[in-house]
$ cat my_file_34.cif   # mmCIF, C-alpha atoms and all ligand atoms
data_query
#
loop_
_atom_site.label_atom_id
_atom_site.label_comp_id
_atom_site.auth_asym_id
_atom_site.auth_seq_id
_atom_site.Cartn_x
_atom_site.Cartn_y
_atom_site.Cartn_z
CA MET A 285 84.34 -11.73 123.42
CA GLN A 286 83.09 -15.29 123.60
CA ILE A 287 80.70 -14.57 120.77
CA LYS A 288 83.50 -13.09 118.66
CA ASN A 289 85.82 -16.07 119.17
CA SER A 290 83.26 -18.72 118.40
CA ALA A 291 82.00 -16.81 115.35
CA VAL A 292 85.51 -16.32 113.93
CA SER A 293 86.53 -19.96 114.39
CA MET A 294 83.28 -21.17 112.80
CA ILE A 295 83.83 -18.88 109.83
CA ILE A 296 87.39 -20.10 109.31
CA GLU A 297 86.27 -23.71 109.33
CA ALA A 298 83.30 -23.18 107.04
CA ALA A 299 83.56 -25.09 103.76
CA ASP A 300 81.25 -23.16 101.46
CA GLN A 301 79.10 -20.08 101.04
CA LYS A 302 75.96 -21.82 102.25
CA GLU A 303 77.57 -22.58 105.57
CA LEU A 304 78.75 -18.98 105.85
CA GLU A 305 75.22 -17.70 105.28
CA GLU A 306 74.04 -19.87 108.14
CA ILE A 307 76.76 -18.56 110.44
CA LYS A 308 75.85 -15.00 109.50
CA LEU A 309 72.24 -15.67 110.40
CA GLN A 310 73.23 -17.36 113.64
CA PHE A 311 75.16 -14.31 114.90
CA LEU A 312 73.94 -11.24 113.04
CA GLY A 313 70.39 -12.26 112.06
CA ARG A 314 67.27 -10.73 113.61
CA SER A 315 67.44 -13.20 116.47
CA GLY A 316 71.15 -13.87 116.16
CA ARG A 317 73.36 -14.18 119.22
CA LEU A 318 75.00 -10.76 118.81
CA THR A 319 71.73 -9.02 117.92
CA LEU A 320 70.09 -10.39 121.07
CA THR A 321 73.08 -9.31 123.20
CA MET A 322 72.81 -5.81 121.79
CA LYS A 323 69.09 -5.74 122.60
CA GLU A 324 69.96 -6.76 126.17
CA MET A 325 72.06 -3.59 126.41
CA ALA A 326 68.86 -1.56 126.86
CA LYS A 327 68.61 -3.04 130.34
CA LEU A 328 72.07 -1.79 131.37
CA PRO A 329 72.53 1.39 133.41
CA ILE A 330 72.95 4.45 131.15
CA GLU A 331 76.63 5.10 132.06
CA LYS A 332 77.71 1.58 131.01
CA ARG A 333 75.93 1.61 127.67
CA PRO A 334 78.53 3.53 125.56
CA GLU A 335 81.40 1.19 126.60
CA VAL A 336 79.47 -2.01 125.98
CA GLY A 337 77.95 -0.55 122.82
CA TYR A 338 81.43 0.20 121.47
CA LEU A 339 82.61 -3.36 122.24
CA ALA A 340 79.52 -4.87 120.62
CA ASN A 341 80.09 -2.82 117.48
CA GLU A 342 83.75 -3.95 117.34
CA VAL A 343 82.62 -7.58 117.57
CA LYS A 344 80.05 -7.01 114.83
CA LYS A 345 82.70 -5.38 112.61
CA THR A 346 85.17 -8.24 113.13
CA ILE A 347 82.56 -10.89 112.34
CA GLU A 348 81.47 -9.04 109.20
CA GLU A 349 85.04 -8.56 107.99
CA THR A 350 86.00 -12.19 108.64
CA LEU A 351 82.89 -13.30 106.79
CA GLU A 352 83.69 -11.11 103.81
CA ASN A 353 87.27 -12.31 103.64
CA LYS A 354 86.21 -15.94 103.77
CA ILE A 355 83.57 -15.45 101.06
CA SER A 356 86.02 -13.80 98.71
CA SER A 357 88.63 -16.50 99.30
CA ILE A 358 86.08 -19.22 98.48
CA LYS A 359 85.06 -17.30 95.33
CA ASN A 360 88.71 -17.04 94.34
CA GLN A 361 89.22 -20.77 94.71
CA ILE A 362 86.21 -21.52 92.55
CA SER A 363 87.22 -19.14 89.77
CA LYS A 364 90.79 -20.47 89.85
CA ALA A 365 89.49 -24.02 89.55
CA ARG A 366 87.26 -22.95 86.63
CA LYS A 367 90.19 -21.31 84.90
CA GLU A 368 92.26 -24.48 85.22
CA LYS A 369 89.22 -26.44 84.14
CA ILE A 370 89.39 -28.66 87.16
CA ASP A 371 86.01 -29.99 88.11
CA ILE A 372 86.50 -30.72 91.76
CA THR A 373 83.28 -32.71 91.86
CA ALA A 374 84.19 -35.02 88.91
CA PRO A 375 84.73 -38.69 89.80
CA GLY A 376 88.36 -39.88 89.65
CA ILE A 377 89.91 -41.68 86.70
CA LYS A 378 90.36 -45.39 87.32
CA PRO A 379 93.95 -46.41 86.53
CA ASN A 380 94.40 -49.23 84.02
CA ILE A 381 95.34 -52.42 85.79
CA GLY A 382 97.31 -54.89 83.71
CA HIS A 383 96.80 -58.64 83.62
CA LEU A 384 98.62 -61.74 82.49
CA HIS A 385 99.19 -62.25 78.78
CA PRO A 386 96.89 -64.95 77.29
CA MET A 387 99.98 -67.11 76.65
CA THR A 388 100.94 -66.90 80.30
CA GLN A 389 97.37 -67.59 81.45
CA VAL A 390 97.16 -70.79 79.39
CA LEU A 391 100.71 -71.79 80.33
CA TYR A 392 99.88 -71.52 84.05
CA GLU A 393 96.77 -73.64 83.48
CA VAL A 394 98.70 -76.31 81.60
CA VAL A 395 101.37 -76.48 84.32
CA ASP A 396 98.64 -76.73 86.98
CA VAL A 397 96.88 -79.59 85.22
CA PHE A 398 100.13 -81.54 84.82
CA LYS A 399 101.11 -80.93 88.43
CA GLY A 400 97.75 -82.39 89.41
CA ILE A 401 98.73 -85.71 87.82
CA GLY A 402 102.19 -85.87 89.32
CA PHE A 403 104.38 -84.07 86.78
CA GLN A 404 107.13 -81.70 87.85
CA ALA A 405 108.00 -78.59 85.85
CA ALA A 406 111.62 -78.05 84.79
CA ASP A 407 113.34 -75.12 83.12
CA GLY A 408 116.25 -75.35 80.71
CA PRO A 409 118.69 -73.39 78.55
CA GLU A 410 117.59 -71.73 75.32
CA ILE A 411 121.19 -71.69 74.11
CA GLU A 412 121.98 -75.36 73.76
CA THR A 413 124.64 -77.74 72.49
CA ASP A 414 124.15 -79.88 69.41
CA HIS A 415 124.56 -82.84 71.75
CA TYR A 416 121.40 -82.26 73.84
CA ASN A 417 119.31 -80.75 71.08
CA PHE A 418 120.01 -83.49 68.52
CA GLU A 419 122.50 -86.25 69.32
CA VAL A 420 120.90 -87.53 72.53
CA LEU A 421 117.54 -87.53 70.76
CA ASN A 422 118.70 -90.01 68.16
CA ILE A 423 119.33 -87.36 65.52
CA PRO A 424 122.98 -87.82 64.51
CA LYS A 425 124.77 -85.19 62.43
CA ASP A 426 123.89 -86.68 59.05
CA HIS A 427 120.25 -87.39 59.87
CA PRO A 428 117.78 -85.96 57.35
CA ALA A 429 115.43 -84.94 60.21
CA ARG A 430 117.78 -82.05 60.89
CA ASP A 431 116.59 -80.45 57.68
CA THR A 432 113.08 -80.15 59.10
CA GLN A 433 114.34 -78.14 62.06
CA GLN A 434 115.90 -75.10 60.47
CA THR A 435 118.53 -74.37 63.09
CA LEU A 436 119.99 -71.05 64.18
CA TYR A 437 123.69 -71.43 65.00
CA LEU A 438 125.71 -69.19 67.27
CA ASP A 439 128.81 -67.62 65.81
CA THR A 440 131.62 -69.28 67.79
CA ARG A 441 134.50 -68.45 65.45
CA ASN A 442 136.39 -66.46 68.07
CA SER A 443 136.07 -69.12 70.77
CA LYS A 444 137.36 -72.61 71.44
CA VAL A 445 133.95 -74.11 70.67
CA THR A 446 133.80 -76.22 67.52
CA PRO A 447 131.70 -74.38 64.90
CA GLY A 448 128.15 -75.68 64.78
CA GLU A 449 128.17 -77.04 68.33
CA VAL A 450 126.23 -74.23 70.00
CA ILE A 451 122.75 -73.41 68.77
CA LEU A 452 119.46 -71.85 69.80
CA ARG A 453 117.37 -74.83 70.81
CA THR A 454 114.88 -75.94 68.18
CA GLN A 455 112.78 -77.97 70.63
CA THR A 456 112.20 -78.17 74.37
CA SER A 457 113.06 -81.88 74.01
CA ASN A 458 116.63 -80.78 74.72
CA MET A 459 115.65 -81.22 78.37
CA GLN A 460 114.94 -84.94 77.99
CA GLY A 461 118.66 -85.72 78.09
CA ARG A 462 119.49 -83.13 80.68
CA VAL A 463 116.82 -84.40 83.10
CA MET A 464 117.04 -88.15 82.52
CA GLU A 465 120.85 -88.19 82.86
CA ARG A 466 120.45 -86.92 86.40
CA VAL A 467 117.22 -88.51 87.60
CA LYS A 468 116.40 -92.19 88.12
CA THR A 469 113.06 -93.58 86.99
CA PRO A 470 110.20 -93.01 87.50
CA VAL A 471 110.31 -89.55 85.91
CA ARG A 472 107.36 -87.36 85.05
CA VAL A 473 108.49 -83.95 83.88
CA ILE A 474 107.17 -81.08 81.79
CA VAL A 475 109.35 -78.35 80.31
CA PRO A 476 107.60 -75.19 79.17
CA GLY A 477 109.80 -72.92 77.09
CA LYS A 478 110.69 -71.01 73.96
CA ASN A 479 112.23 -72.53 70.82
CA PHE A 480 113.82 -70.92 67.80
CA ARG A 481 113.90 -71.92 64.16
CA TYR A 482 114.92 -70.25 60.94
CA GLU A 483 111.39 -69.97 59.59
CA SER A 484 109.74 -67.37 57.45
CA VAL A 485 107.02 -65.82 59.58
CA ASP A 486 103.38 -66.17 58.53
CA ALA A 487 99.95 -66.59 60.17
CA SER A 488 100.80 -70.06 61.48
CA HIS A 489 104.62 -70.01 61.76
CA GLY A 490 106.98 -67.96 63.88
CA PHE A 491 110.76 -68.02 64.23
CA GLU A 492 110.15 -68.17 67.96
CA PHE A 493 107.48 -70.43 69.43
CA TRP A 494 106.46 -71.91 72.76
CA GLN A 495 106.22 -75.59 73.57
CA VAL A 496 105.43 -77.56 76.65
CA GLU A 497 107.60 -80.64 76.43
CA GLY A 498 106.56 -83.58 78.57
CA PHE A 499 107.89 -87.04 79.20
CA MET A 500 107.29 -89.94 81.49
CA VAL A 501 109.53 -92.98 81.95
CA ASP A 502 108.85 -95.93 84.21
CA GLU A 503 108.36 -99.68 84.01
CA ASN A 504 105.46 -100.70 81.79
CA VAL A 505 104.61 -97.29 80.36
CA ARG A 506 102.53 -97.86 77.22
CA LEU A 507 101.16 -95.98 74.28
CA THR A 508 97.72 -96.05 75.90
CA ASP A 509 99.18 -94.14 78.87
CA LEU A 510 100.26 -91.45 76.44
CA PHE A 511 96.80 -91.30 74.85
CA GLY A 512 95.10 -91.16 78.25
CA THR A 513 97.40 -88.41 79.54
CA ILE A 514 97.00 -86.21 76.46
CA ASP A 515 93.24 -86.77 76.40
CA TYR A 516 92.92 -85.82 80.08
CA VAL A 517 95.09 -82.70 79.80
CA LEU A 518 93.60 -81.33 76.58
CA LYS A 519 90.03 -81.80 77.80
CA LYS A 520 90.92 -79.96 81.01
CA ILE A 521 92.33 -77.04 79.01
CA MET A 522 90.05 -76.98 75.96
CA GLY A 523 86.80 -78.33 77.42
CA ASN A 524 85.18 -81.76 77.46
CA ASP A 525 83.62 -81.32 74.03
CA VAL A 526 86.89 -81.54 72.09
CA LYS A 527 87.68 -84.73 70.24
CA LEU A 528 91.18 -86.04 69.67
CA LYS A 529 92.64 -87.97 66.79
CA PHE A 530 96.02 -89.65 66.63
CA ALA A 531 97.80 -90.47 63.40
CA THR A 532 101.04 -92.39 63.03
CA THR A 533 104.07 -90.44 61.92
CA ASN A 534 107.80 -90.67 62.08
CA PHE A 535 110.26 -88.78 64.29
CA PRO A 536 113.74 -90.12 65.08
CA PHE A 537 113.28 -89.74 68.85
CA VAL A 538 110.08 -91.78 69.15
CA GLU A 539 108.95 -95.23 68.10
CA PRO A 540 106.12 -95.31 67.29
CA GLY A 541 105.48 -91.63 66.70
CA VAL A 542 102.06 -90.00 66.55
CA ASP A 543 100.66 -86.67 65.49
CA THR A 544 97.84 -85.39 67.68
CA TYR A 545 94.90 -83.55 66.20
CA ILE A 546 92.17 -81.72 68.09
CA SER A 547 88.70 -81.06 66.69
CA CYS A 548 88.39 -77.52 65.30
CA THR A 549 87.30 -75.06 67.97
CA VAL A 550 85.37 -72.92 65.47
CA CYS A 551 83.28 -75.49 63.58
CA GLY A 552 83.40 -78.20 66.27
CA GLY A 553 85.02 -80.66 63.84
CA ARG A 554 82.20 -80.42 61.28
CA ALA A 555 84.40 -78.47 58.82
CA ARG A 556 81.31 -76.37 58.00
CA LEU A 557 79.80 -73.40 59.76
CA PRO A 558 76.09 -73.32 60.71
CA ASP A 559 75.33 -71.20 57.60
CA GLY A 560 76.72 -73.94 55.37
CA GLN A 561 79.96 -72.10 54.55
CA GLY A 562 83.21 -74.05 54.78
CA CYS A 563 85.24 -73.36 57.96
CA SER A 564 88.35 -71.40 57.03
CA PHE A 565 89.87 -71.72 60.50
CA CYS A 566 90.66 -75.41 59.99
CA LYS A 567 90.85 -75.12 56.20
CA GLN A 568 87.67 -77.23 56.07
CA SER A 569 89.36 -80.28 57.57
CA GLY A 570 87.59 -80.15 60.95
CA TRP A 571 90.91 -80.81 62.72
CA SER A 572 93.93 -78.84 63.91
CA GLU A 573 97.32 -80.40 64.52
CA ILE A 574 98.40 -79.69 68.05
CA MET A 575 101.40 -81.79 69.00
CA PRO A 576 103.83 -84.49 68.03
CA ALA A 577 104.20 -87.33 70.52
CA GLY A 578 105.20 -90.96 70.79
CA MET A 579 107.00 -93.65 72.75
CA ILE A 580 110.57 -92.60 73.52
CA HIS A 581 112.99 -94.38 71.17
CA PRO A 582 115.14 -97.04 72.92
CA ASN A 583 118.23 -95.25 71.55
CA VAL A 584 117.30 -92.12 73.54
CA LEU A 585 116.80 -94.18 76.71
CA LYS A 586 120.21 -95.82 76.16
CA ALA A 587 121.89 -92.45 75.51
CA VAL A 588 120.80 -91.15 78.92
CA GLY A 589 121.90 -94.34 80.70
CA TYR A 590 118.53 -96.05 81.20
CA ASP A 591 118.00 -99.78 80.61
CA SER A 592 115.67 -99.79 77.62
CA GLN A 593 114.79 -103.42 78.32
CA LYS A 594 113.40 -102.54 81.74
CA VAL A 595 111.84 -99.12 81.34
CA SER A 596 109.82 -97.42 78.68
CA GLY A 597 108.30 -93.99 78.33
CA PHE A 598 106.39 -91.52 76.26
CA ALA A 599 107.13 -87.95 75.23
CA PHE A 600 105.13 -85.14 73.66
CA ALA A 601 105.57 -81.47 72.83
CA ILE A 602 102.41 -79.39 73.09
CA GLY A 603 102.51 -76.41 70.75
CA LEU A 604 101.56 -73.82 73.35
CA SER A 605 101.20 -70.95 70.88
CA ARG A 606 98.94 -73.18 68.77
CA LEU A 607 96.91 -74.15 71.84
CA VAL A 608 96.31 -70.49 72.71
CA THR A 609 95.24 -69.55 69.17
CA LEU A 610 92.86 -72.53 69.05
CA ARG A 611 91.39 -71.74 72.42
CA TYR A 612 90.71 -68.11 71.59
CA GLN A 613 89.99 -68.81 67.91
CA MET A 614 92.68 -66.46 66.66
CA ASP A 615 93.44 -66.89 63.01
CA ASP A 616 96.93 -65.44 63.22
CA LEU A 617 99.74 -66.57 65.52
CA ARG A 618 101.37 -63.15 65.21
CA LEU A 619 98.59 -61.60 67.33
CA LEU A 620 100.26 -63.22 70.33
CA THR A 621 103.38 -61.11 69.97
CA ASN A 622 101.55 -57.93 68.97
CA PRO A 623 101.92 -55.34 71.74
CA ASP A 624 98.67 -53.51 70.83
CA LEU A 625 96.69 -53.24 74.05
CA ARG A 626 93.39 -53.38 72.16
CA ILE A 627 94.21 -57.02 71.41
CA LEU A 628 95.48 -57.92 74.86
CA GLU A 629 92.59 -56.22 76.67
CA GLN A 630 90.23 -58.83 75.22
CA PHE A 631 91.64 -61.63 77.35
ZN ZN A 701 86.85 -75.59 61.56
#
$ encode --input "my_file_34.cif" --output "structure tokens"
Amino acid sequence: MQIKNSAVSMIIEAADQKELEEIKLQFLGRSGRLTLTMKEMAKLPIEKRPEVGYLANEVKKTIEETLENKISSIKNQISKARKEKIDITAPGIKPNIGHLHPMTQVLYEVVDVFKGIGFQAADGPEIETDHYNFEVLNIPKDHPARDTQQTLYLDTRNSKVTPGEVILRTQTSNMQGRVMERVKTPVRVIVPGKNFRYESVDASHGFEFWQVEGFMVDENVRLTDLFGTIDYVLKKIMGNDVKLKFATTNFPFVEPGVDTYISCTVCGGRARLPDGQGCSFCKQSGWSEIMPAGMIHPNVLKAVGYDSQKVSGFAFAIGLSRLVTLRYQMDDLRLLTNPDLRILEQF
């Protein structure tokens, strides 16, 4: 009986045919446990032999039947798996793990670098009033600079709001007023966010674009502080090899105003490729415009309640979408909003 029990439980637990063959050998083989027991029977007295012989045969039958059943059930499993075309030995399929969008990756880096030099990050409304988007920034209603910022207005006809007062912000500079009205100097703030303009979309323009606004106001802040800050930040993000160039320009909210250019990331500022061809990425200029900046206009400081005789400051608006396309040498801004995973998987 002991032999029967241990044989049956081993058979049930066996995983494959090979194991079953071994069990068969172990019990029913020429020197198997049951075979040996049956040989021992010869030593028993004659009258006991039929009884024990019968028992031994029963045990043998049970073991054989259990073995057969197990073998056919294993065979069934295999043929079923073959029919369903499941290869139980095939390695598993690795699930696709997502990652941050290149815009988000660069944004996080930019925020990190600014935090390292004492700037705080602020968030602000995308639906904004004319007051904060324009008036505070020294752009009164009749100012021609408004024409350069094709504005999207909200339809407020069925509300108490004066038409034209509520817009989608055209620049993250809307936060200059909102922050400075509430905070005493010194202030060092960056504002990453989305802006909206009525633009026709092409490879280098979108109706929706990201900026990282930044401004610093304190006593004795100078233009050289602006240059130093931008130089430090852009080299951290784009690498130490990039060169910067500043050119004077005119915006109502800064005096003086500068345009910032960064050396082309494809041709390294040489405007030509190693094979002598002109670089099409920078239109053979060697430079890419990356951000407007300048010293905050005294009128803006006055509008937020600062004493423009005592404090001064600089402001800039990094074109984040531009920064990302320059860094990854993309020739079309629209790739950043393309949901095709074959594009995004490259970053
Ligand atoms: Zn170039």
$ residues_near_ligand --input "my_file_34.cif" --ligand "ligand ZN 701 (chain A)" --cutoff "7 Å" --atoms "only C-alpha atoms and all ligand atoms" --output "PyMOL selection string"
chain A and resi 548-556+563-571
$ atom_distance --input "my_file_34.cif" --atom1 "atom CA of Gln561 of chain A" --atom2 "atom CA of Arg611 of chain A"
21.2 Å
$ residues_around --input "my_file_34.cif" --residues "Pro424 of chain A" --least-positions-apart "6" --cutoff "9 Å" --atoms "only C-alpha atoms" --output "number ranges by chain"
A: 415, 418, 430
$ write_last_selection --input "my_file_34.cif" --atoms "C-alpha atoms" --output "short mmCIF file (atom, residue, chain, number, x, y, z; two decimals), in the coordinates of the input"
data_model
loop_
_atom_site.label_atom_id
_atom_site.label_comp_id
_atom_site.auth_asym_id
_atom_site.auth_seq_id
_atom_site.Cartn_x
_atom_site.Cartn_y
_atom_site.Cartn_z
CA HIS A 415 124.56 -82.84 71.75
CA PHE A 418 120.01 -83.49 68.52
CA ARG A 430 117.78 -82.05 60.89
#
$ residues_around --input "my_file_34.cif" --residues "segment 488-495 of chain A" --least-positions-apart "4" --cutoff "6 Å" --atoms "all atoms listed in the file" --output "PyMOL selection string"
chain A and resi 476-483+601-605+617
$ closest_atom_pairs --input "my_file_34.cif" --of "segment 509-601 of chain A" --to "segment 385-400 of chain A" --cutoff "8 Å" --atoms "all atoms listed in the file" --output "Markdown table"
| residue | atom | partner | partner_atom | distance |
| --- | --- | --- | --- | --- |
| A:Val517 | CA | A:Val397 | CA | 6.5 |
| A:Lys520 | CA | A:Val397 | CA | 7.3 |
| A:Ile521 | CA | A:Val394 | CA | 6.9 |
$ closest_residue --input "my_file_34.cif" --among "A:Met575, A:Lys323, A:Gln404, A:Thr454" --to "Thr432 of chain A" --atoms "all atoms listed in the file"
A:Thr454
$ residues_near_point --input "my_file_34.cif" --point "(118.8, -70.6, 78.0)" --cutoff "12 Å" --atoms "only C-alpha atoms" --output "number ranges by chain"
A: 407-413, 450-454, 456, 458-459, 477-480
$ residues_around --input "my_file_34.cif" --residues "Val336 of chain A" --least-positions-apart "3" --cutoff "12 Å" --atoms "only C-alpha atoms" --output "number ranges by chain"
A: 285, 321-333, 339-343
$ atom_distance --input "my_file_34.cif" --atom1 "atom CA of Leu528 of chain A" --atom2 "atom CA of Ile514 of chain A"
8.9 Å
